[in-house]
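Engineer: Sharing a structure below in structure tokens format, with a few things to ask.
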Amino acid sequence: MSALYGWVAWRLQRTPSAVSVRVLLPLALLAHGALIYQSMLGQGDIRLGFGNSLSTILWLTALVYWLASQGAPLARLQSWVSGLAALAVLVMAFLTDTHAIPNSQALALRTHLVVSFLAYGLLAVAALHAVLMTMLEKQLHRGALMQDSAPPLLTLEAMLFKTIGLGFALLTLAVFSGVFFSEELFGTPLQFSHKIVFAILSWLVFGGLLVGRHFRGWRGRTALYWTITGFTLLLLAYLGTQFVVEVLLGR
């Protein structure tokens with residue numbers, strides 16, 4: 001599966017409209033999704049670890065890009081995301097440790113987790129958009145012509161804020177359900193750990209960006225820096241914690 005993603009990423013850089021790409025990328029996404037389902041839900045309860053969490057977020061990112069690319073020239077972006085998905089499959093294969101989530105049969109908890117992962121995936125898409133827009137803007141300032149496969153900056157900017165708006169709405173549901181309904185969801189009262197603090201900071205950054213966009217017309221580098229900062233905080237909130245605890249400390 002990792003090799004399949006890698007081949008698709010290579011082909012997207014050269015012949016993005018090839019029939020093989022249009023056929024094999026959905027197959028890779030389908031197989032990847034089945035692998036994640038088996039890892040997370042194959043034993044009846046919900047089991048999470050750094051490997052399958054990272055893989056899920058990048059799978060959702062690749063899925064969103066595949067859907068978005070049906071109506072926009074996003075071959076370069078899809079190539080990057082396919083390459084990241086290939087690495088995520090390898091990480092999942094080597095980092096197999098998972099732990100069962102308490103009370104994982106509860107519908108409210110399952111809904112909370114689904115919303116959280118969707119928020120992560122969409123905001124990861126926004127962060128990748130921001131990186132690409134930064135690169136394209138630098139090319140324009142140097143007088144370089146953009147590649148044919150790169151969409152116009154205005155198209156990317158419109159997609160960026162639509163993605164952030166939807167991701168922020170899902171992040172709001174995830175953060176506030178976790179804060180105000182912690183005992184119902186997780187069976188324990190709320191504890192203001194670094195995970196909660198980073199999630200709230202990320203929510204404030206993305207919310208501040210949308211407010212600035214609406215009232216002051218923020219765009220360009222200001223929007224890009226805020227987007228990357230917000231997603232970095234979101235990574236520290238959950239995946240960063242999992243990486244330190246499971247990979248570095250081996251707990």
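Ordering of the structure tokens sets the chain letters (A, B, ...); residue numbers start at 1 within each chain; ligands are numbered from 1 in the order shown.
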Hey, which bits of range 103-123 of chain A sit within 10 Å of range 59-66 of chain A, and for each residue what's the closest pair of atoms and how far apart in Å (one decimal), counting only C-alpha atoms, rows by chain and increasing number, as a Markdown table?

Structural biologist:
```
| residue | atom | partner | partner_atom | distance |
| --- | --- | --- | --- | --- |
| A:Phe117 | CA | A:Leu60 | CA | 8.1 |
| A:Leu118 | CA | A:Leu60 | CA | 7.1 |
| A:Ala119 | CA | A:Leu60 | CA | 9.7 |
| A:Tyr120 | CA | A:Leu60 | CA | 8.6 |
| A:Gly121 | CA | A:Thr61 | CA | 5.0 |
| A:Leu122 | CA | A:Thr61 | CA | 6.6 |
| A:Leu123 | CA | A:Thr61 | CA | 8.7 |
```

Engineer: At a cut-off of 8 Å, using only C-alpha atoms, what residues contact His129 in chain A? Leave out same-chain residues fewer than 6 positions from it and give the result as number ranges by chain.

Structural biologist: A: 77, 156, 160

Engineer: For those residues, write N, CA and C atoms to a file as a PDB file, in the first residue's frame.

Structural biologist:
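So the final result, stored in out_18.pdb, reads:
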```pdb
ATOM      1  N   LEU A  77      -0.321  19.345  -4.945  1.00  0.00           N
ATOM      2  CA  LEU A  77      -0.722  19.100  -3.562  1.00  0.00           C
ATOM      3  C   LEU A  77      -1.042  17.630  -3.327  1.00  0.00           C
ATOM      4  N   LEU A 156      -6.406  29.047  -4.285  1.00  0.00           N
ATOM      5  CA  LEU A 156      -5.913  28.416  -3.060  1.00  0.00           C
ATOM      6  C   LEU A 156      -6.379  29.170  -1.814  1.00  0.00           C
ATOM      7  N   LEU A 160      -8.505  27.764   1.137  1.00  0.00           N
ATOM      8  CA  LEU A 160      -7.913  27.803   2.476  1.00  0.00           C
ATOM      9  C   LEU A 160      -8.930  28.233   3.517  1.00  0.00           C
TER      10      LEU A 160
END
```

Engineer: CA of Trp10 in chain A to CA of Trp80 in chain A: how many Å, to one decimal?

Structural biologist: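 About the pair CA of Trp10 in chain A and CA of Trp80 in chain A: they are 9.4 Å apart.
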
Engineer: Tell me which of A:Leu48, A:Ala127, A:Met135, A:Ala108 sits closest to Gly178 in chain A, counting only C-alpha atoms.

Structural biologist: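 Among A:Leu48, A:Ala127, A:Met135, A:Ala108, it is A:Ala108 that comes nearest to Gly178 in chain A.
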
Engineer: Looking at only C-alpha atoms, which of A:Leu95, A:Leu171, A:Ala31, A:Leu24 is the one that sits closest to Trp203 in chain A?

Structural biologist: A:Leu171

Engineer: Using only C-alpha atoms for the distances, tell me which of A:Trp226, A:Ser82, A:Phe176, A:Leu128 is nearest to Gly6 in chain A.

Structural biologist: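 Ranking A:Trp226, A:Ser82, A:Phe176, A:Leu128 by distance to Gly6 in chain A, first place goes to A:Ser82.
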
Engineer: Any idea what the distance is between CA of Thr163 in chain A and CA of Arg110 in chain A?

Structural biologist: 23.0 Å

Engineer: Report as a PyMOL selection string all protein, DNA and RNA residues lying within 10 Å of Ala3 in chain A, evaluated on only C-alpha atoms, omitting residues in the same chain fewer than 2 positions from it.

Structural biologist: chain A and resi 1+5-9+28+83+86-87+89-90

Engineer: Based on the selection just made, write N, CA and C atoms of those residues as an mmCIF file, in the first residue's frame.

Structural biologist:
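Dumped to result_24.cif:
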```cif
data_model
loop_
_atom_site.group_PDB
_atom_site.id
_atom_site.type_symbol
_atom_site.label_atom_id
_atom_site.label_comp_id
_atom_site.auth_asym_id
_atom_site.auth_seq_id
_atom_site.Cartn_x
_atom_site.Cartn_y
_atom_site.Cartn_z
ATOM 1 N N MET A 1 0.826 -1.214 0.000
ATOM 2 C CA MET A 1 0.000 0.000 0.000
ATOM 3 C C MET A 1 0.861 1.265 0.000
ATOM 4 N N TYR A 5 0.909 4.220 -2.898
ATOM 5 C CA TYR A 5 0.849 5.668 -2.676
ATOM 6 C C TYR A 5 2.067 6.355 -3.300
ATOM 7 N N GLY A 6 3.248 5.763 -3.089
ATOM 8 C CA GLY A 6 4.464 6.367 -3.619
ATOM 9 C C GLY A 6 4.453 6.438 -5.137
ATOM 10 N N TRP A 7 3.953 5.380 -5.775
ATOM 11 C CA TRP A 7 3.876 5.373 -7.239
ATOM 12 C C TRP A 7 2.908 6.445 -7.724
ATOM 13 N N VAL A 8 1.761 6.578 -7.046
ATOM 14 C CA VAL A 8 0.784 7.600 -7.416
ATOM 15 C C VAL A 8 1.391 8.997 -7.264
ATOM 16 N N ALA A 9 2.133 9.222 -6.170
ATOM 17 C CA ALA A 9 2.777 10.520 -5.954
ATOM 18 C C ALA A 9 3.747 10.836 -7.081
ATOM 19 N N ALA A 28 -5.974 2.913 -3.329
ATOM 20 C CA ALA A 28 -5.054 3.098 -2.199
ATOM 21 C C ALA A 28 -5.787 3.680 -0.994
ATOM 22 N N GLY A 83 2.476 11.188 -0.922
ATOM 23 C CA GLY A 83 3.773 10.823 -0.359
ATOM 24 C C GLY A 83 3.726 10.740 1.161
ATOM 25 N N ALA A 86 1.959 7.622 2.187
ATOM 26 C CA ALA A 86 2.840 6.456 2.074
ATOM 27 C C ALA A 86 3.704 6.311 3.325
ATOM 28 N N LEU A 87 4.240 7.437 3.819
ATOM 29 C CA LEU A 87 5.036 7.397 5.046
ATOM 30 C C LEU A 87 4.176 7.014 6.248
ATOM 31 N N VAL A 89 1.596 5.041 6.309
ATOM 32 C CA VAL A 89 1.370 3.592 6.304
ATOM 33 C C VAL A 89 2.580 2.871 6.891
ATOM 34 N N LEU A 90 3.790 3.326 6.548
ATOM 35 C CA LEU A 90 4.997 2.715 7.100
ATOM 36 C C LEU A 90 5.093 2.929 8.600
#
```

Engineer: Name the closest residue to Phe198 in chain A among the candidates A:Thr134, A:Gln105, A:Thr229, A:Ser177; distances are taken between atoms, counting only C-alpha atoms.

Structural biologist: A:Thr229

Engineer: Near Val205 in chain A, within 10 Å and counting only C-alpha atoms, which residues show up once chain neighbours fewer than 5 positions away are dropped, as a VMD selection string?

Structural biologist: chain A and resid 168 199 to 200 210 to 211 226 to 231 233

Engineer: Selected residues, N, CA and C atoms, written as a PDB file, in the first residue's frame, please.

Structural biologist:
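Below you can see out.pdb, which holds the result:
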```pdb
ATOM      1  N   PHE A 168     -12.585  24.690  11.743  1.00  0.00           N
ATOM      2  CA  PHE A 168     -12.775  25.405  13.013  1.00  0.00           C
ATOM      3  C   PHE A 168     -14.113  25.029  13.650  1.00  0.00           C
ATOM      4  N   ALA A 199      -4.900  22.565  22.777  1.00  0.00           N
ATOM      5  CA  ALA A 199      -6.099  22.513  21.930  1.00  0.00           C
ATOM      6  C   ALA A 199      -6.858  23.839  21.995  1.00  0.00           C
ATOM      7  N   ILE A 200      -6.979  24.398  23.196  1.00  0.00           N
ATOM      8  CA  ILE A 200      -7.678  25.677  23.346  1.00  0.00           C
ATOM      9  C   ILE A 200      -6.893  26.801  22.667  1.00  0.00           C
ATOM     10  N   LEU A 210     -10.075  33.805  11.648  1.00  0.00           N
ATOM     11  CA  LEU A 210     -11.356  34.000  10.957  1.00  0.00           C
ATOM     12  C   LEU A 210     -11.968  35.359  11.290  1.00  0.00           C
ATOM     13  N   VAL A 211     -11.811  35.802  12.542  1.00  0.00           N
ATOM     14  CA  VAL A 211     -12.310  37.130  12.922  1.00  0.00           C
ATOM     15  C   VAL A 211     -11.529  38.209  12.176  1.00  0.00           C
ATOM     16  N   TRP A 226      -0.686  32.546  10.624  1.00  0.00           N
ATOM     17  CA  TRP A 226      -1.674  32.167  11.638  1.00  0.00           C
ATOM     18  C   TRP A 226      -2.120  30.717  11.442  1.00  0.00           C
ATOM     19  N   THR A 227      -2.297  30.320  10.190  1.00  0.00           N
ATOM     20  CA  THR A 227      -2.728  28.949   9.907  1.00  0.00           C
ATOM     21  C   THR A 227      -1.691  27.946  10.373  1.00  0.00           C
ATOM     22  N   ILE A 228      -0.439  28.182  10.028  1.00  0.00           N
ATOM     23  CA  ILE A 228       0.626  27.253  10.404  1.00  0.00           C
ATOM     24  C   ILE A 228       0.805  27.218  11.916  1.00  0.00           C
ATOM     25  N   THR A 229       0.702  28.381  12.567  1.00  0.00           N
ATOM     26  CA  THR A 229       0.809  28.423  14.026  1.00  0.00           C
ATOM     27  C   THR A 229      -0.321  27.636  14.684  1.00  0.00           C
ATOM     28  N   GLY A 230      -1.538  27.840  14.198  1.00  0.00           N
ATOM     29  CA  GLY A 230      -2.685  27.133  14.777  1.00  0.00           C
ATOM     30  C   GLY A 230      -2.566  25.635  14.632  1.00  0.00           C
ATOM     31  N   PHE A 231      -2.102  25.176  13.459  1.00  0.00           N
ATOM     32  CA  PHE A 231      -1.985  23.728  13.267  1.00  0.00           C
ATOM     33  C   PHE A 231      -0.833  23.148  14.073  1.00  0.00           C
ATOM     34  N   LEU A 233       0.106  24.142  17.023  1.00  0.00           N
ATOM     35  CA  LEU A 233      -0.438  23.982  18.381  1.00  0.00           C
ATOM     36  C   LEU A 233      -1.352  22.766  18.466  1.00  0.00           C
TER      37      LEU A 233
END
```

Engineer: Looking only at the backbone, which of the residues in range 5-232 of chain A does DSSP tag as alpha helix (DSSP H), as a ChimeraX atom specification?

Structural biologist: /A:5-14,19-41,50-68,75-94,107-141,153-180,182-186,194-216,220-232

Engineer: Using only C-alpha atoms, can you tell me which of A:Val91, A:Leu234, A:Ala100, A:Leu27 comes closest to Gly167 in chain A?

Structural biologist: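 Counting only C-alpha atoms, the residue closest to Gly167 in chain A is A:Leu234.
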
Engineer: Enter the distance from CA of Ile196 in chain A to CA of Tyr238 in chain A, in Å, rounded to one decimal.

Structural biologist: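 Calculated distance between CA of Ile196 in chain A and CA of Tyr238 in chain A is 8.9 Å.
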
Engineer: Just want the 10 Å neighbourhood of Arg213 in chain A, counted on only C-alpha atoms, with same-chain residues fewer than 6 positions away dropped. Output as a PyMOL selection string.

Structural biologist: chain A and resi 161+207+219+222-223
